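Undergrad: The structure under discussion is supplied below as structure tokens; questions concerning it will follow.
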Amino acid sequence: MRFPLTLAHILERAGRLFPQSEIVSRLPDRSLHRYTYADFCRRARVLGGALQHLGLKRGDRVATLMWNHHAHLEAYFAIPCAGGVLHTLNLRLHPDDIAYIANHAGDRFLIVDDVLLPLYDKFRDRTKFERVIVVPLTGSSVPAGFEDHEALVAQSVPLEAPVLDEEDPAGMCYTSGTTGRPKGVVYSHRALVLHSLASALPDVLGLGNHDAVCPVVPMFHVNAWGLPFTAVMVGAKLVFPGPNLDAVSLLDLYEREQVTLTAGVPTIWMGILQALEQEPARWKLAAGMRMVVGGAAAPEAMIRAFDRFGLRVIQGWGMTETTPVAAVNYVKRELAQVAGDEHYALRAKQGVPLPFVEVRAMTGDGEAPWDGKTMGELEVRGPWIAARYHELQEEAGKWTADDWFRTGDVVTIDAHGYIKITDRIKDLIKSGGEWISSVDLENALVGHPKVAEAAVIALPHPKWDERPLAVVVLKTGLSATADELRNYLAPKFARYWLPDDVVFVSEIPRTSTGKMMKAKLREQFKGWSETNK
Ligand code: ADP
């Protein structure tokens, strides 16, 4: 039987099978909003109908400028189920970039949190939304000239469910632009459904009806890694943190709602770890809470530290272009006996590819052997890997002639199929004809008890081409010397890998999605070697 894989099925099923499952949102004033899937499904359908009534046509883009909460979840389903395309705008970008992205995508409508109206004001004159719908999260009245989201969902305009094709576009997201102009990626219903099915598998995120899922990763960043779709598919409890993302607020929420699975970038978990270390007995979290980490490498020291608290870090790898989950780390049966340092070295790898995701590492001489040593550029293909960017022909070279996507990540793949990211191509350090992995050095540095964060960058060098420089943030109130840190690294690396110098700074610049801005650091420390000799 031919049966389309669409989000409409997930919404319909959730309403029938899980009407009592709960959705909890922390609002900007820190109060908790609670309702059930029955309310969510009803409101999502009404919102879809209201959008159609406002003129939404098949394939029209509807932008959201929202934090993680129930109303955003409603938009996640309402827009695609009404035939539109959910386009999540990244509120951490510069207003000029947000305007560029909304215009490039051709967004017709915008749904915006009332607390984000001041941000909208900064770029509204450069955009052409036909309707702007405001979600009154704070309870204050919606200003004139805007549609009131609550008034729309209080109506009873029925959704005219279109007959969706699984290849129809359902969502889109722009890359954060760490590598040039933001590029738009369109997700089909089929891609999102298959990604949800694969994500829920036991050896991926192992998500089920009994879970309480808290996506800390923003819903404006690659669909919060697909968690809202996967969680609704299985009827899990959902817990949304809203705009309060400091470690104490998150830990309070995890404890109160007994969260069993949460997800975010490593910087979030570093903060959580520091809070737990300061007050180890303060929070009674659900035993074995899983913490999905991605977007940047999860340092081995962090995985070990959370194990001591009985919390389990699961590392995943992905990109905006891969919807995003493409590989996840779990310990395979044949490696279950591996213990101690080797166990942690294994868990610090980015993981094995999901079913239907194929990977290869390409060198100048063809495909690298899966030996855990040979480095090459990771290429991927599969049903939820993007085939092109939205209206951007000049980037077609990111795909090979035989349809593999070139990720720009340099990796090794070992005999068991575990991928290990060495670097992004542009961040690799090439010294005397050898490659030095900045990621390996950074992960080792954050294992030092005094180091909070570390970035290792390439500096131009007259003899060796490039040499590594470590830029380090120390933990509050502690001091260290460059030699102390170099001596700490010395037993772990070949001599030529050791950074020529260590600079101490108070902060490492980060992108809107928490990645270290190495290009900025390279610019900042361009003259370092000369000035310090
Ligand atoms: P952008 O490409 O704009 O930085 P993405 O969120 O799409 O935004 O970033 C994807 C990149 O993030 C990957 O190509 C990879 O370099 C990095 N990344 C993602 N997950 C991991 C991980 N677990 N370990 C190391 N790097 C990761």
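Chain labels A, B, ... are given in the sequence in which chains occur in the structure tokens; within each chain residues are numbered consecutively from 1, and ligands are likewise numbered from 1 in the order shown.
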For ligand 1, collect every residue having any atom at a distance of at most 9 Å from a ligand atom (counting only C-alpha atoms and all ligand atoms); output as a ChimeraX atom specification.

TA: /A:174-180,182-183,221-222,265-266,293-299,315-325,327-328,348-351,407-410,420-425,439,511,513-515

Undergrad: Create the file for the chosen residues now, containing C-alpha atoms and written as a short mmCIF file (atom, residue, chain, number, x, y, z; two decimals), in the first residue's frame.

TA:
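Result went into selection.cif, see below:
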data_model
loop_
_atom_site.label_atom_id
_atom_site.label_comp_id
_atom_site.auth_asym_id
_atom_site.auth_seq_id
_atom_site.Cartn_x
_atom_site.Cartn_y
_atom_site.Cartn_z
CA TYR A 174 19.10 28.30 7.64
CA THR A 175 22.61 27.36 8.66
CA SER A 176 24.05 29.71 11.23
CA GLY A 177 26.54 31.09 8.74
CA THR A 178 29.80 30.15 10.49
CA THR A 179 30.99 29.30 6.98
CA GLY A 180 29.67 32.26 4.97
CA PRO A 182 23.39 31.56 5.84
CA LYS A 183 22.10 28.83 3.54
CA HIS A 221 18.00 25.53 15.52
CA VAL A 222 17.42 22.54 13.20
CA VAL A 265 25.20 22.01 23.00
CA PRO A 266 28.29 21.35 25.20
CA VAL A 293 25.08 16.51 23.30
CA GLY A 294 25.83 17.71 19.80
CA GLY A 295 26.76 20.72 17.70
CA ALA A 296 30.34 20.59 19.01
CA ALA A 297 32.45 17.83 20.52
CA ALA A 298 31.52 16.56 24.00
CA PRO A 299 34.86 16.50 25.89
CA GLN A 315 26.92 12.26 21.90
CA GLY A 316 25.39 12.81 18.49
CA TRP A 317 26.68 14.28 15.27
CA GLY A 318 24.75 16.26 12.72
CA MET A 319 24.34 19.43 10.71
CA THR A 320 21.53 21.68 9.57
CA GLU A 321 21.87 19.85 6.23
CA THR A 322 21.35 16.44 7.89
CA THR A 323 18.02 17.29 9.66
CA PRO A 324 20.24 16.96 11.88
CA VAL A 325 20.83 13.59 13.57
CA ALA A 327 25.28 9.56 13.88
CA VAL A 328 24.89 8.74 17.57
CA ALA A 348 33.90 10.67 23.17
CA LYS A 349 33.66 9.71 19.48
CA GLN A 350 30.78 11.14 17.49
CA GLY A 351 29.15 7.74 17.02
CA THR A 407 30.20 17.94 5.21
CA GLY A 408 33.42 19.96 5.57
CA ASP A 409 34.26 17.86 8.66
CA VAL A 410 37.53 15.95 8.74
CA LYS A 420 35.62 10.68 15.14
CA ILE A 421 35.69 14.34 14.17
CA THR A 422 39.19 15.71 13.97
CA ASP A 423 38.25 19.17 12.84
CA ARG A 424 36.34 21.26 10.41
CA ILE A 425 38.46 21.51 7.26
CA VAL A 439 39.56 19.30 18.64
CA THR A 511 28.26 31.86 17.41
CA THR A 513 24.49 28.21 18.18
CA GLY A 514 27.30 27.96 20.72
CA LYS A 515 30.20 27.14 18.41
#

Undergrad: Using DSSP on the backbone, list every residue of range 110-235 of chain A that comes out as strand (DSSP E or B), and give them as a list in words.

TA: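 Strand (DSSP E or B) assignments inside range 110-235 of chain A correspond to Leu110, Ile111, Val112, Asp113, Arg131, Val132, Ile133, Val134, Val135, Glu147, Asp148, Pro169, Ala170, Gly171, Met172, Cys173, Tyr174, Gly184, Val185, Val186, Tyr187, Ser188, Ala212, Val213, Cys214 and Pro215 of chain A.
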
Undergrad: Could you dump the residues just selected with C-alpha atoms as a short mmCIF file (atom, residue, chain, number, x, y, z; two decimals), in the first residue's frame?

TA:
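Saved to out13.cif:
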data_model
loop_
_atom_site.label_atom_id
_atom_site.label_comp_id
_atom_site.auth_asym_id
_atom_site.auth_seq_id
_atom_site.Cartn_x
_atom_site.Cartn_y
_atom_site.Cartn_z
CA LEU A 110 5.45 35.63 11.03
CA ILE A 111 4.51 34.20 14.41
CA VAL A 112 6.45 35.99 17.16
CA ASP A 113 6.58 35.85 20.97
CA ARG A 131 0.60 39.23 8.71
CA VAL A 132 2.37 39.19 12.04
CA ILE A 133 0.83 37.01 14.73
CA VAL A 134 1.87 37.77 18.31
CA VAL A 135 1.87 35.13 21.06
CA GLU A 147 -2.88 39.44 14.96
CA ASP A 148 -3.48 38.02 18.45
CA PRO A 169 8.20 20.73 2.00
CA ALA A 170 7.26 20.84 5.70
CA GLY A 171 10.02 22.90 7.30
CA MET A 172 13.10 24.92 6.63
CA CYS A 173 16.06 26.21 8.56
CA TYR A 174 19.10 28.30 7.64
CA GLY A 184 18.52 27.54 3.58
CA VAL A 185 17.75 23.85 3.95
CA VAL A 186 14.24 22.55 3.22
CA TYR A 187 12.91 19.47 5.06
CA SER A 188 10.20 17.34 3.45
CA ALA A 212 9.84 13.24 29.80
CA VAL A 213 11.74 15.15 27.12
CA CYS A 214 13.24 18.59 27.61
CA PRO A 215 14.77 20.12 24.47
#

Undergrad: Determine which residues of range 309-506 of chain A receive a DSSP assignment of alpha helix (DSSP H), computed from the backbone, and state them as a PyMOL selection string.

TA: chain A and resi 340-347+438-445+482-489

Undergrad: Quick one: of A:Asp97, A:Pro499, A:His70, A:Arg388, who's nearest to Trp404 in chain A, counting only C-alpha atoms?

TA: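 That would be A:Arg388, the residue with the smallest distance to Trp404 in chain A.
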
Undergrad: Using only C-alpha atoms, which residue out of A:Asn487, A:Ser21, A:Ser249, A:Gln393 lies closest to Ala444 in chain A?

TA: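 Ranked by minimum distance to Ala444 in chain A, first place goes to A:Asn487.
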
Undergrad: Near Met270 in chain A, within 10 Å and counting only C-alpha atoms, which residues show up once chain neighbours fewer than 6 positions away are dropped, as a PyMOL selection string?

TA: chain A and resi 247+276+298-299+302+452-453

Undergrad: If you count only C-alpha atoms, which residues fall within 10 Å of Arg510 in chain A, apart from same-chain ones fewer than 6 positions away, as a VMD selection string?

TA: chain A and resid 178 267 516 to 518 520

Undergrad: The selected residues should be written to file as a compact mmCIF listing (two decimals), in the first residue's frame (atoms: C-alpha atoms).

TA:
# COMPACT_ATOMS: atom_id res chain seq x y z
CA THR A 178 29.80 30.15 10.49
CA THR A 267 28.39 24.91 26.64
CA MET A 516 33.58 28.73 19.02
CA MET A 517 34.26 31.50 16.50
CA LYS A 518 37.73 30.39 15.49
CA LYS A 520 37.53 35.64 14.94

Undergrad: Using only C-alpha atoms, which of the listed residues (A:Asp60, A:Leu73, A:His104, A:Glu300) sits closest to His390 in chain A?

TA: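 The closest residue to His390 in chain A is A:His104.
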
Undergrad: CA of Pro80 in chain A to CA of Gly59 in chain A: how many Å, to one decimal?

TA: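 It comes out at 8.7 Å.
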
Undergrad: Would you pick out the contacts of Ala361 in chain A at 6 Å or less, using only C-alpha atoms, so that residues sharing its chain but fewer than 4 positions from it are not included, and give the list as a PDB file with N, CA, C and O atoms, in the first residue's frame?

TA:
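Below is the file that was written, selection_26.pdb:
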ATOM      1  N   GLU A 367      38.492   6.774  -1.047  1.00  0.00           N
ATOM      2  CA  GLU A 367      37.869   6.552   0.256  1.00  0.00           C
ATOM      3  C   GLU A 367      38.890   6.050   1.284  1.00  0.00           C
ATOM      4  O   GLU A 367      39.664   5.141   0.995  1.00  0.00           O
ATOM      5  N   ALA A 368      38.875   6.657   2.464  1.00  0.00           N
ATOM      6  CA  ALA A 368      39.804   6.242   3.522  1.00  0.00           C
ATOM      7  C   ALA A 368      39.362   4.900   4.090  1.00  0.00           C
ATOM      8  O   ALA A 368      38.160   4.645   4.222  1.00  0.00           O
ATOM      9  N   GLY A 376      39.937  11.880   6.555  1.00  0.00           N
ATOM     10  CA  GLY A 376      39.371  12.299   5.283  1.00  0.00           C
ATOM     11  C   GLY A 376      38.140  13.154   5.529  1.00  0.00           C
ATOM     12  O   GLY A 376      37.644  13.230   6.666  1.00  0.00           O
ATOM     13  N   GLU A 377      37.642  13.778   4.463  1.00  0.00           N
ATOM     14  CA  GLU A 377      36.436  14.594   4.642  1.00  0.00           C
ATOM     15  C   GLU A 377      35.209  13.694   4.685  1.00  0.00           C
ATOM     16  O   GLU A 377      35.010  12.839   3.818  1.00  0.00           O
ATOM     17  N   LEU A 378      34.379  13.902   5.706  1.00  0.00           N
ATOM     18  CA  LEU A 378      33.179  13.083   5.855  1.00  0.00           C
ATOM     19  C   LEU A 378      32.152  13.458   4.785  1.00  0.00           C
ATOM     20  O   LEU A 378      31.821  14.626   4.612  1.00  0.00           O
TER      21      LEU A 378
END

Undergrad: Give me the residues within 12 Å of Gly477 in chain A as a PyMOL selection string, counting only C-alpha atoms and dropping any in the same chain fewer than 5 places off.

TA: chain A and resi 450-452+506

Undergrad: Using all heavy atoms, can you export the residues from the last selection as a compact mmCIF listing (two decimals), in the first residue's frame?

TA:
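Wrote out-v3.txt, looks like this:
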# COMPACT_ATOMS: atom_id res chain seq x y z
N LYS A 450 41.90 23.02 36.08
CA LYS A 450 41.74 24.48 36.19
C LYS A 450 41.10 25.10 34.94
O LYS A 450 40.79 26.28 34.92
CB LYS A 450 43.11 25.14 36.38
CG LYS A 450 43.75 24.83 37.74
CD LYS A 450 45.08 25.54 37.84
CE LYS A 450 45.76 25.23 39.16
NZ LYS A 450 47.15 25.74 39.15
N VAL A 451 40.93 24.29 33.87
CA VAL A 451 40.48 24.87 32.60
C VAL A 451 38.97 24.75 32.44
O VAL A 451 38.39 23.68 32.59
CB VAL A 451 41.20 24.16 31.42
CG1 VAL A 451 40.65 24.64 30.08
CG2 VAL A 451 42.70 24.41 31.50
N ALA A 452 38.35 25.89 32.12
CA ALA A 452 36.90 25.88 31.86
C ALA A 452 36.62 25.68 30.37
O ALA A 452 35.77 24.89 30.00
CB ALA A 452 36.27 27.19 32.33
N SER A 506 39.26 35.93 29.06
CA SER A 506 38.12 35.79 29.98
C SER A 506 36.94 35.12 29.28
O SER A 506 36.02 34.62 29.93
CB SER A 506 37.71 37.15 30.53
OG SER A 506 37.40 37.99 29.44

Undergrad: If we count only C-alpha atoms, what is near Tyr100 in chain A at a cut-off of 10 Å, once residues fewer than 6 positions away on the same chain are taken out, given as a PyMOL selection string?

TA: chain A and resi 94+106+123+126-127+181-182

Undergrad: Restricting the calculation to only C-alpha atoms, which member of A:Pro202, A:Gly432, A:Gly527, A:Pro243 is positioned closest to Leu354 in chain A?

TA: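 Nearest candidate to Leu354 in chain A out of A:Pro202, A:Gly432, A:Gly527, A:Pro243: A:Pro202.
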
Undergrad: Go through A:Val446, A:Ile385, A:Val217, A:Val473 one by one, measure the shortest atom-to-atom distance of each to Trp399 in chain A using only C-alpha atoms, and give the residue with the smallest value.

TA: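 Of A:Val446, A:Ile385, A:Val217, A:Val473, the one nearest Trp399 in chain A is A:Ile385, counting only C-alpha atoms.
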
Undergrad: Select, from A:Lys373, A:His416, A:Arg522, A:Arg282, the residue with the minimum atom-to-atom distance to Glu334 in chain A, counting only C-alpha atoms.

TA: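 Counting only C-alpha atoms, the residue closest to Glu334 in chain A is A:His416.
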
Undergrad: To one decimal place in Å, what is the distance between CA of Pro449 in chain A and CA of Ala470 in chain A?

TA: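 These two atoms are separated by 16.1 Å.
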